[in-house]
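Engineer: Dropping the structure in here first, questions after.
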Amino acid sequence: MFKRRDKRPAWKVVTRALYPQGGWRRAFSYVKHRVRRLPDTPEKIGRGIWAGVFTTFTPFYGLHFIVAAIIAKLMRGNFLAALMATFFGNPLTYLPIAAVSLGTGHWLLGRRSKAPMSSLGQKFADAGADLWHNVVAIFTPETMDWQGLSIFYFDIFYPYMIGGILPGIVTATVAYYLSVPVLQAYQKRRRNILKAKLNQLAQPKPGDGGGPAAR
């Protein structure tokens, strides 16, 4: 019932993920519009935005919606705002986010980075290949090999997870303090517009005589 009638080819799905229809500017405009119209207090929406933006600095790719929802619940933030704010992480921002998080992580751990940004994709691929090999090895005579996953964890995942905390908190806090006053002004403007419309409807129309019609 909810499936697409026209099944899209794989290349089109990937293309739309990297560059949405209408462009990223239109996508950001849509998310901004939806966030502003959420039926909640500016502070609660702001806490949801904080959760979503912070989540983009974590290495849990594919699970950002779940992580953002959990953080929003703990912070009593708006759930939908948290989900939409995860779009702060996108193909245009993931590379600088990863560079800052990894650099901060290796610095906090007191070691030099062994994984230049150019090798990130290869390490992700090696980790994925190892994971798939080990799953297959459960049902076949193949021997499990954890080398790729081990390198990925110590060189990428762990430094990324540790290093993303500080820049994630800073960026999410800036997003919170920028969004709350904008939301307050927007909601106040909407209330004033609605109040003006109600007052206009309450005024007697010309020819009504301002009261009940005379018999």
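Letters A, B, ... mark the chains of the structure tokens in the order given; residue numbers begin at 1 per chain; ligand numbers begin at 1, in order shown.
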Any chance you could list, as an mmCIF file with C-alpha atoms, in the first residue's frame, the residues in stretch 39-80 of chain A that come up alpha helix (DSSP H) when DSSP is run on the backbone?
Structural biologist:
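Done, and the output landed in part07.cif:
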```cif
data_model
loop_
_atom_site.group_PDB
_atom_site.id
_atom_site.type_symbol
_atom_site.label_atom_id
_atom_site.label_comp_id
_atom_site.auth_asym_id
_atom_site.auth_seq_id
_atom_site.Cartn_x
_atom_site.Cartn_y
_atom_site.Cartn_z
ATOM 1 C CA PRO A 42 10.911 27.086 21.263
ATOM 2 C CA GLU A 43 13.017 25.722 24.136
ATOM 3 C CA LYS A 44 11.806 22.156 23.639
ATOM 4 C CA ILE A 45 12.310 22.364 19.874
ATOM 5 C CA GLY A 46 15.760 23.845 20.536
ATOM 6 C CA ARG A 47 16.672 20.893 22.740
ATOM 7 C CA GLY A 48 15.593 18.576 19.934
ATOM 8 C CA ILE A 49 17.800 20.500 17.499
ATOM 9 C CA TRP A 50 20.672 20.186 19.996
ATOM 10 C CA ALA A 51 20.219 16.406 20.084
ATOM 11 C CA GLY A 52 20.102 16.080 16.294
ATOM 12 C CA VAL A 53 23.129 18.271 15.612
ATOM 13 C CA PHE A 54 25.195 16.585 18.327
ATOM 14 C CA THR A 55 24.346 13.162 16.888
ATOM 15 C CA HIS A 64 21.679 8.686 13.732
ATOM 16 C CA PHE A 65 17.869 8.807 13.885
ATOM 17 C CA ILE A 66 17.850 6.336 16.791
ATOM 18 C CA VAL A 67 20.674 8.074 18.677
ATOM 19 C CA ALA A 68 19.059 11.502 18.179
ATOM 20 C CA ALA A 69 15.701 10.200 19.406
ATOM 21 C CA ILE A 70 17.275 8.734 22.556
ATOM 22 C CA ILE A 71 19.176 11.949 23.352
ATOM 23 C CA ALA A 72 16.055 14.053 22.698
ATOM 24 C CA LYS A 73 14.049 11.873 25.079
ATOM 25 C CA LEU A 74 16.708 12.201 27.799
ATOM 26 C CA MET A 75 16.776 15.990 27.310
ATOM 27 C CA PHE A 79 11.421 14.273 18.890
ATOM 28 C CA LEU A 80 10.705 15.444 15.324
#
```
Engineer: Considering only C-alpha atoms, state which residue in the set A:Lys123, A:Pro96, A:Gly62, A:Ala82 is at the smallest distance from A:Phe157.
Structural biologist: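 Residue with the minimum atom-to-atom distance to A:Phe157: A:Lys123.
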Engineer: In Å, how far is it from atom CA of A:Pro204 to atom CA of A:Gln187?
Structural biologist: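 Distance reported for this atom pair: 28.1 Å.
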Engineer: In Å to one decimal, how far is atom CA of A:Met161 from atom CA of A:Ala127?
Structural biologist: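 Between these atoms lies a distance of 16.4 Å.
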Engineer: So how many Å separate atom CA of A:Phe57 and atom CA of A:Gly168, to one decimal?
Structural biologist: 5.4 Å
